[in-house]
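**Student:** The structure file upload-v4.txt (compact mmCIF, C-alpha atoms) is provided below.
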```
# COMPACT_ATOMS: atom_id res chain seq x y z
CA MET S 1 0.00 0.00 0.00
CA ASN S 2 1.15 3.54 -0.71
CA ALA S 3 0.95 6.53 1.63
CA GLU S 4 -2.53 7.48 0.44
CA GLN S 5 -3.84 3.98 1.09
CA ASP S 6 -2.27 3.94 4.55
CA ALA S 7 -4.35 7.02 5.39
CA VAL S 8 -7.65 5.23 4.66
CA LEU S 9 -9.54 4.18 7.78
CA ILE S 10 -11.78 1.12 7.45
CA ARG S 11 -14.54 1.22 10.02
CA PRO S 12 -18.12 0.03 10.61
CA TYR S 13 -20.83 1.94 8.80
CA GLU S 14 -22.57 4.67 10.79
CA PRO S 15 -25.88 6.47 10.08
CA ARG S 16 -23.93 9.64 9.19
CA ASP S 17 -22.45 7.75 6.21
CA ARG S 18 -25.81 7.12 4.53
CA ALA S 19 -25.73 10.11 2.17
CA ALA S 20 -22.14 9.39 1.09
CA VAL S 21 -22.92 5.74 0.36
CA ARG S 22 -25.91 6.75 -1.75
CA THR S 23 -23.84 9.33 -3.63
CA ILE S 24 -21.07 6.86 -4.46
CA CYS S 25 -23.68 4.32 -5.54
CA CYS S 26 -25.24 6.78 -8.00
CA ASP S 27 -21.96 8.28 -9.22
CA THR S 28 -20.63 4.85 -10.21
CA ALA S 29 -23.88 3.10 -11.17
CA ASP S 30 -22.98 2.13 -14.72
CA ARG S 31 -19.46 0.68 -14.67
CA GLY S 32 -18.12 3.80 -13.01
CA GLU S 33 -20.44 6.24 -14.77
CA ARG S 34 -23.29 8.26 -13.28
CA VAL S 35 -26.79 6.85 -12.93
CA GLU S 36 -28.21 9.71 -15.03
CA ASN S 37 -26.90 7.86 -18.08
CA PHE S 38 -29.92 5.55 -17.86
CA PHE S 39 -32.22 6.70 -15.02
CA PRO S 40 -33.30 10.24 -14.05
CA ASP S 41 -33.85 10.02 -10.28
CA ARG S 42 -31.00 9.43 -7.81
CA GLU S 43 -33.24 9.07 -4.77
CA VAL S 44 -35.24 6.19 -6.18
CA PHE S 45 -32.18 4.46 -7.64
CA ALA S 46 -30.27 4.72 -4.35
CA ASP S 47 -33.29 3.29 -2.51
CA LEU S 48 -33.31 0.31 -4.86
CA LEU S 49 -29.62 -0.49 -4.43
CA THR S 50 -28.77 0.60 -0.89
CA ARG S 51 -31.83 1.11 1.31
CA TYR S 52 -32.05 -2.46 2.56
CA TYR S 53 -28.44 -2.40 3.74
CA THR S 54 -28.28 1.06 5.30
CA ASP S 55 -31.75 0.97 6.87
CA HIS S 56 -32.37 -2.71 7.68
CA GLU S 57 -28.92 -4.27 8.19
CA PRO S 58 -26.43 -1.44 8.77
CA GLU S 59 -24.40 -3.61 11.16
CA SER S 60 -23.21 -5.63 8.14
CA CYS S 61 -21.81 -2.62 6.27
CA TRP S 62 -18.31 -1.13 6.33
CA VAL S 63 -16.81 2.05 4.89
CA GLY S 64 -13.41 3.37 3.95
CA GLU S 65 -12.76 6.92 5.15
CA HIS S 66 -10.06 9.21 3.77
CA ALA S 67 -9.48 12.77 5.00
CA GLY S 68 -12.80 12.67 6.81
CA GLU S 69 -14.84 11.58 3.78
CA VAL S 70 -16.21 8.18 2.77
CA CYS S 71 -14.26 6.91 -0.25
CA GLY S 72 -15.70 3.40 -0.51
CA TYR S 73 -18.09 0.98 1.10
CA ILE S 74 -19.21 -2.59 1.31
CA THR S 75 -22.88 -3.37 1.87
CA GLY S 76 -23.42 -6.84 3.26
CA CYS S 77 -26.25 -9.17 4.18
CA LEU S 78 -25.83 -12.25 6.35
CA ASP S 79 -29.13 -13.89 5.33
CA THR S 80 -30.21 -13.38 1.71
CA ARG S 81 -33.60 -14.96 2.37
CA ARG S 82 -34.30 -12.13 4.82
CA PHE S 83 -33.13 -9.62 2.21
CA ILE S 84 -35.67 -10.94 -0.27
CA ARG S 85 -38.50 -10.71 2.26
CA VAL S 86 -37.64 -7.17 3.34
CA MET S 87 -37.21 -6.01 -0.26
CA ALA S 88 -40.59 -7.46 -1.23
CA PHE S 89 -42.66 -6.25 1.71
CA SER S 90 -40.92 -3.06 2.85
CA VAL S 91 -38.39 -1.55 0.43
CA ALA S 92 -40.24 -2.14 -2.85
CA PRO S 93 -43.63 -0.74 -1.72
CA ARG S 94 -41.97 2.39 -0.34
CA LEU S 95 -39.92 2.76 -3.49
CA LEU S 96 -43.04 2.59 -5.68
CA PHE S 97 -44.81 5.12 -3.49
CA LYS S 98 -41.84 7.48 -3.74
CA ALA S 99 -41.70 7.07 -7.52
CA VAL S 100 -45.39 7.98 -7.83
CA ARG S 101 -45.06 10.90 -5.40
CA ARG S 102 -42.11 12.28 -7.38
CA ASP S 103 -44.15 11.84 -10.59
CA LEU S 104 -41.49 9.58 -12.10
CA MET S 105 -43.97 7.29 -13.79
CA LYS S 106 -44.72 9.95 -16.41
CA TYR S 107 -41.24 9.36 -17.85
CA PRO S 108 -41.18 6.27 -20.10
CA GLN S 109 -37.53 5.61 -19.23
CA ALA S 110 -38.24 5.63 -15.48
CA LYS S 111 -41.47 3.65 -15.81
CA GLN S 112 -39.77 0.92 -17.81
CA PHE S 113 -36.79 0.79 -15.48
CA ILE S 114 -38.84 0.47 -12.30
CA ARG S 115 -41.31 -2.07 -13.66
CA GLY S 116 -38.58 -4.08 -15.31
CA ASN S 117 -36.14 -4.19 -12.42
CA LEU S 118 -38.12 -4.44 -9.20
CA GLY S 119 -38.84 -8.11 -9.80
CA LEU S 120 -35.23 -8.85 -10.65
CA TRP S 121 -34.02 -7.19 -7.46
CA ILE S 122 -36.62 -8.79 -5.22
CA ARG S 123 -35.90 -12.24 -6.60
CA GLY S 124 -32.20 -11.45 -6.65
CA THR S 125 -30.18 -14.65 -7.02
CA LYS S 126 -32.97 -16.89 -5.75
CA LYS S 127 -32.74 -19.31 -8.68
CA SER S 128 -28.97 -19.12 -9.09
CA VAL S 129 -27.54 -19.63 -5.58
CA ASN S 130 -27.89 -22.36 -2.98
CA PHE S 131 -28.71 -20.23 0.06
CA ASP S 132 -27.98 -23.13 2.39
CA GLU S 133 -24.37 -23.13 1.21
CA TYR S 134 -23.99 -19.41 0.43
CA PRO S 135 -26.55 -17.53 2.57
CA SER S 136 -24.68 -14.23 2.75
CA HIS S 137 -23.98 -11.68 0.03
CA LEU S 138 -22.07 -8.44 -0.47
CA HIS S 139 -21.54 -5.50 -2.78
CA VAL S 140 -18.42 -3.32 -2.78
CA ASN S 141 -18.04 0.09 -4.40
CA LEU S 142 -15.24 2.68 -4.43
CA LYS S 143 -14.76 6.25 -5.54
CA PRO S 144 -12.54 6.75 -8.60
CA GLY S 145 -9.01 7.28 -7.40
CA PHE S 146 -9.30 4.64 -4.68
CA ARG S 147 -9.45 1.59 -6.92
CA ALA S 148 -6.65 -0.90 -7.53
CA LYS S 149 -4.97 0.12 -4.25
CA GLY S 150 -6.14 -2.65 -1.96
CA LEU S 151 -9.07 -0.87 -0.34
CA GLY S 152 -11.73 -3.03 -2.00
CA GLY S 153 -10.03 -6.21 -0.86
CA GLU S 154 -9.74 -4.94 2.70
CA LEU S 155 -13.44 -4.05 2.80
CA VAL S 156 -14.38 -7.50 1.51
CA LYS S 157 -12.13 -9.13 4.11
CA ARG S 158 -13.87 -7.25 6.92
CA PHE S 159 -17.26 -8.54 5.83
CA LEU S 160 -15.99 -12.08 5.24
CA ASP S 161 -14.57 -12.16 8.77
CA GLN S 162 -17.87 -10.84 10.12
CA ALA S 163 -19.93 -13.39 8.19
CA LYS S 164 -17.71 -16.25 9.31
CA ALA S 165 -17.90 -15.14 12.94
CA ALA S 166 -21.69 -15.05 12.62
CA GLY S 167 -21.71 -18.69 11.49
CA SER S 168 -22.39 -18.14 7.78
CA ARG S 169 -21.35 -21.07 5.59
CA GLY S 170 -20.60 -18.99 2.52
CA VAL S 171 -20.87 -15.68 0.68
CA HIS S 172 -21.85 -14.76 -2.86
CA ALA S 173 -21.69 -11.61 -4.98
CA ASN S 174 -23.28 -10.50 -8.23
CA VAL S 175 -20.53 -9.39 -10.62
CA ARG S 176 -21.34 -7.72 -13.93
CA GLU S 177 -20.49 -10.04 -16.77
CA ASP S 178 -19.19 -7.17 -18.90
CA SER S 179 -16.73 -5.95 -16.22
CA GLU S 180 -13.47 -7.83 -16.57
CA ARG S 181 -11.95 -5.71 -13.80
CA ALA S 182 -14.63 -6.71 -11.27
CA ARG S 183 -14.46 -10.37 -12.24
CA ALA S 184 -10.68 -10.40 -11.85
CA PHE S 185 -11.03 -8.68 -8.47
CA PHE S 186 -13.22 -11.42 -7.01
CA GLU S 187 -11.11 -14.17 -8.55
CA ARG S 188 -8.01 -12.74 -6.85
CA LEU S 189 -9.85 -12.84 -3.52
CA GLY S 190 -10.58 -16.54 -3.93
CA PHE S 191 -14.20 -16.44 -5.12
CA ARG S 192 -15.28 -18.96 -7.76
CA ALA S 193 -17.50 -18.09 -10.72
CA GLY S 194 -20.88 -19.80 -10.94
CA ASP S 195 -24.14 -19.20 -12.79
CA ARG S 196 -25.02 -16.28 -15.04
CA HIS S 197 -28.33 -14.45 -14.64
CA PRO S 198 -30.05 -11.13 -15.55
CA VAL S 199 -29.78 -8.38 -12.93
CA MET S 200 -30.87 -5.13 -14.56
CA ARG S 201 -32.55 -3.84 -17.68
CA ASN S 202 -30.55 -1.05 -19.28
CA GLU S 203 -31.05 0.24 -22.81
CA ASN S 204 -27.40 1.31 -22.99
CA VAL S 205 -26.11 -2.27 -23.22
CA PRO S 206 -26.45 -4.76 -26.10
CA GLY S 207 -29.69 -6.68 -25.76
CA GLY S 208 -31.02 -4.23 -23.18
CA VAL S 209 -30.24 -6.45 -20.18
CA ILE S 210 -27.22 -6.49 -17.89
CA HIS S 211 -26.19 -9.97 -16.83
CA ALA S 212 -24.13 -10.91 -13.81
CA ILE S 213 -22.05 -13.89 -12.83
CA ILE S 214 -22.47 -15.25 -9.34
CA PHE S 215 -19.13 -15.46 -7.52
CA CYS S 216 -19.16 -17.65 -4.41
CA MET S 217 -16.82 -18.40 -1.52
CA LYS S 218 -17.17 -20.97 1.24
CA LEU S 219 -16.26 -19.82 4.73
```
Would you mind writing the file out in structure tokens?

**Tutor:**
Amino acid sequence: MNAEQDAVLIRPYEPRDRAAVRTICCDTADRGERVENFFPDREVFADLLTRYYTDHEPESCWVGEHAGEVCGYITGCLDTRRFIRVMAFSVAPRLLFKAVRRDLMKYPQAKQFIRGNLGLWIRGTKKSVNFDEYPSHLHVNLKPGFRAKGLGGELVKRFLDQAKAAGSRGVHANVREDSERARAFFERLGFRAGDRHPVMRNENVPGGVIHAIIFCMKL
């Protein structure tokens, strides 16, 4: 690690980090590009991708802090079955209500995105992962300028240690099929590639659907 990396503090997520996590999520939503490339509302998008973790299981999240600002995070879930239930009965209904209140459904792009992706996110990896063997899951995201310096691996390690201590048998992660960098990252950490499945509809990619590969690790 270089001097800049040494100055990064990895610590448990705190409620004060919520806005920063949502900002990083939206700024890097499309392989490092801003969410506005394919969806017009940051609030709704951030709810879809981060609300479960920050509001329902914050104890399983970690952040990297540099010069007093969050520069990366890992959102984790120890029990994916619980994630699916909470998404279906709490997060998704609130998200739909917010979308209607903000009049998003008048925009064809937003309407198609929400209708097309809510089901994918609620179901998640239900048909692609054995939750008895790999009940936990994670997502890691970093600001530009803090990648390829070891921070992502350190964040993942913190969650893996936490999941193992909690008695989890294994962890999985959805990794975009079209991101060679992300796939190589998880392979270096010892994850093994598994099934491929659709995770998001996006008109900016060939075929209009983003696919992911499930990467798994036994603990």

**Student:** Which protein, DNA or RNA residues are at most 8 Å from (-25.3, 5.2, 4.4) in the file's coordinates when you count only C-alpha atoms, listed as number ranges by chain?

**Tutor:** S: 13-22, 50, 54

**Student:** If we count only C-alpha atoms and set the cut-off at 6 Å, which residues sit around stretch 182-198 of chain S, ignoring sequence neighbours fewer than 5 positions away in its own chain? Please answer as a list in words.

**Tutor:**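 Result of the neighbour search: Ile210, His211, Ala212, Ile213, Ile214, Phe215, Cys216 and Met217 of chain S.
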
**Student:** Residues of stretch 36-114 of chain S that approach stretch 146-156 of chain S to 8 Å or less, counting all atoms listed in the file: could you list each one with the shortest pair of atoms and its distance in Å to one decimal, rows by chain and increasing residue number, as CSV?

**Tutor:**
```
residue,atom,partner,partner_atom,distance
S:Trp62,CA,S:Leu155,CA,6.7
S:Val63,CA,S:Leu155,CA,7.3
S:Gly64,CA,S:Leu151,CA,7.4
S:Cys71,CA,S:Phe146,CA,7.0
S:Gly72,CA,S:Gly152,CA,7.7
S:Tyr73,CA,S:Leu155,CA,7.1
S:Ile74,CA,S:Leu155,CA,6.1
```

**Student:** Taking into account only C-alpha atoms, which residue in the set S:Ile24, S:Asp41, S:Gln162, S:His66 is nearest to S:Ala7?

**Tutor:**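 When distances to S:Ala7 are compared using only C-alpha atoms, the smallest one comes from S:His66.
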
**Student:** Considering all atoms listed in the file, can you say which of S:Tyr107, S:Tyr134, S:Phe38, S:Tyr52 comes closest to S:Ala88?

**Tutor:**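 Selected residue with least distance to S:Ala88: S:Tyr52.
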
**Student:** So, with all atoms listed in the file as the atoms that count, which of S:Pro58, S:Val44, S:Thr80, S:Lys143 lies closest to S:Arg101?

**Tutor:** S:Val44

**Student:** Atom CA of S:Arg82 and atom CA of S:Arg158, how far apart in Å?

**Tutor:**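 Separation of atom CA of S:Arg158 and atom CA of S:Arg82: 21.1 Å.
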
**Student:** In Å, how far is it from atom CA of S:His56 to atom CA of S:Met105?

**Tutor:**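 A separation of 26.4 Å between them.
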
**Student:** Which one is closest to S:Phe39: S:Val209, S:Met87, S:Cys61, S:Cys26? Count all atoms listed in the file.

**Tutor:** S:Cys26

**Student:** Take atom CA of S:Asn141 and atom CA of S:Ser90 and report the distance between them in Å, one decimal.

**Tutor:**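 Result for atom CA of S:Asn141 versus atom CA of S:Ser90: 24.2 Å, one decimal.
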
**Student:** Hey, which of S:Glu36, S:Ser136, S:Phe83, S:Gly145 ends up closest to S:Ala166? Count all atoms listed in the file.

**Tutor:**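 Using all atoms listed in the file, S:Ala166 sits closest to S:Ser136.
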
**Student:** Skip S:Arg169 itself and residues of its chain fewer than 3 positions away, then list as a PDB file with C-alpha atoms, in the frame of the given file all residues within 7 Å of it, counting all atoms listed in the file.

**Tutor:**
```
ATOM      1  CA  GLU S 133     -24.370 -23.130   1.210  1.00  0.00           C
ATOM      2  CA  TYR S 134     -23.990 -19.410   0.430  1.00  0.00           C
ATOM      3  CA  PRO S 135     -26.550 -17.530   2.570  1.00  0.00           C
ATOM      4  CA  LYS S 218     -17.170 -20.970   1.240  1.00  0.00           C
ATOM      5  CA  LEU S 219     -16.260 -19.820   4.730  1.00  0.00           C
TER       6      LEU S 219
END
```

**Student:** Which is closer to S:Asp178 than all the others in S:Glu43, S:Leu49, S:Pro93, S:Arg31, using all atoms listed in the file?

**Tutor:**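 The answer is S:Arg31, which sits nearest to S:Asp178.
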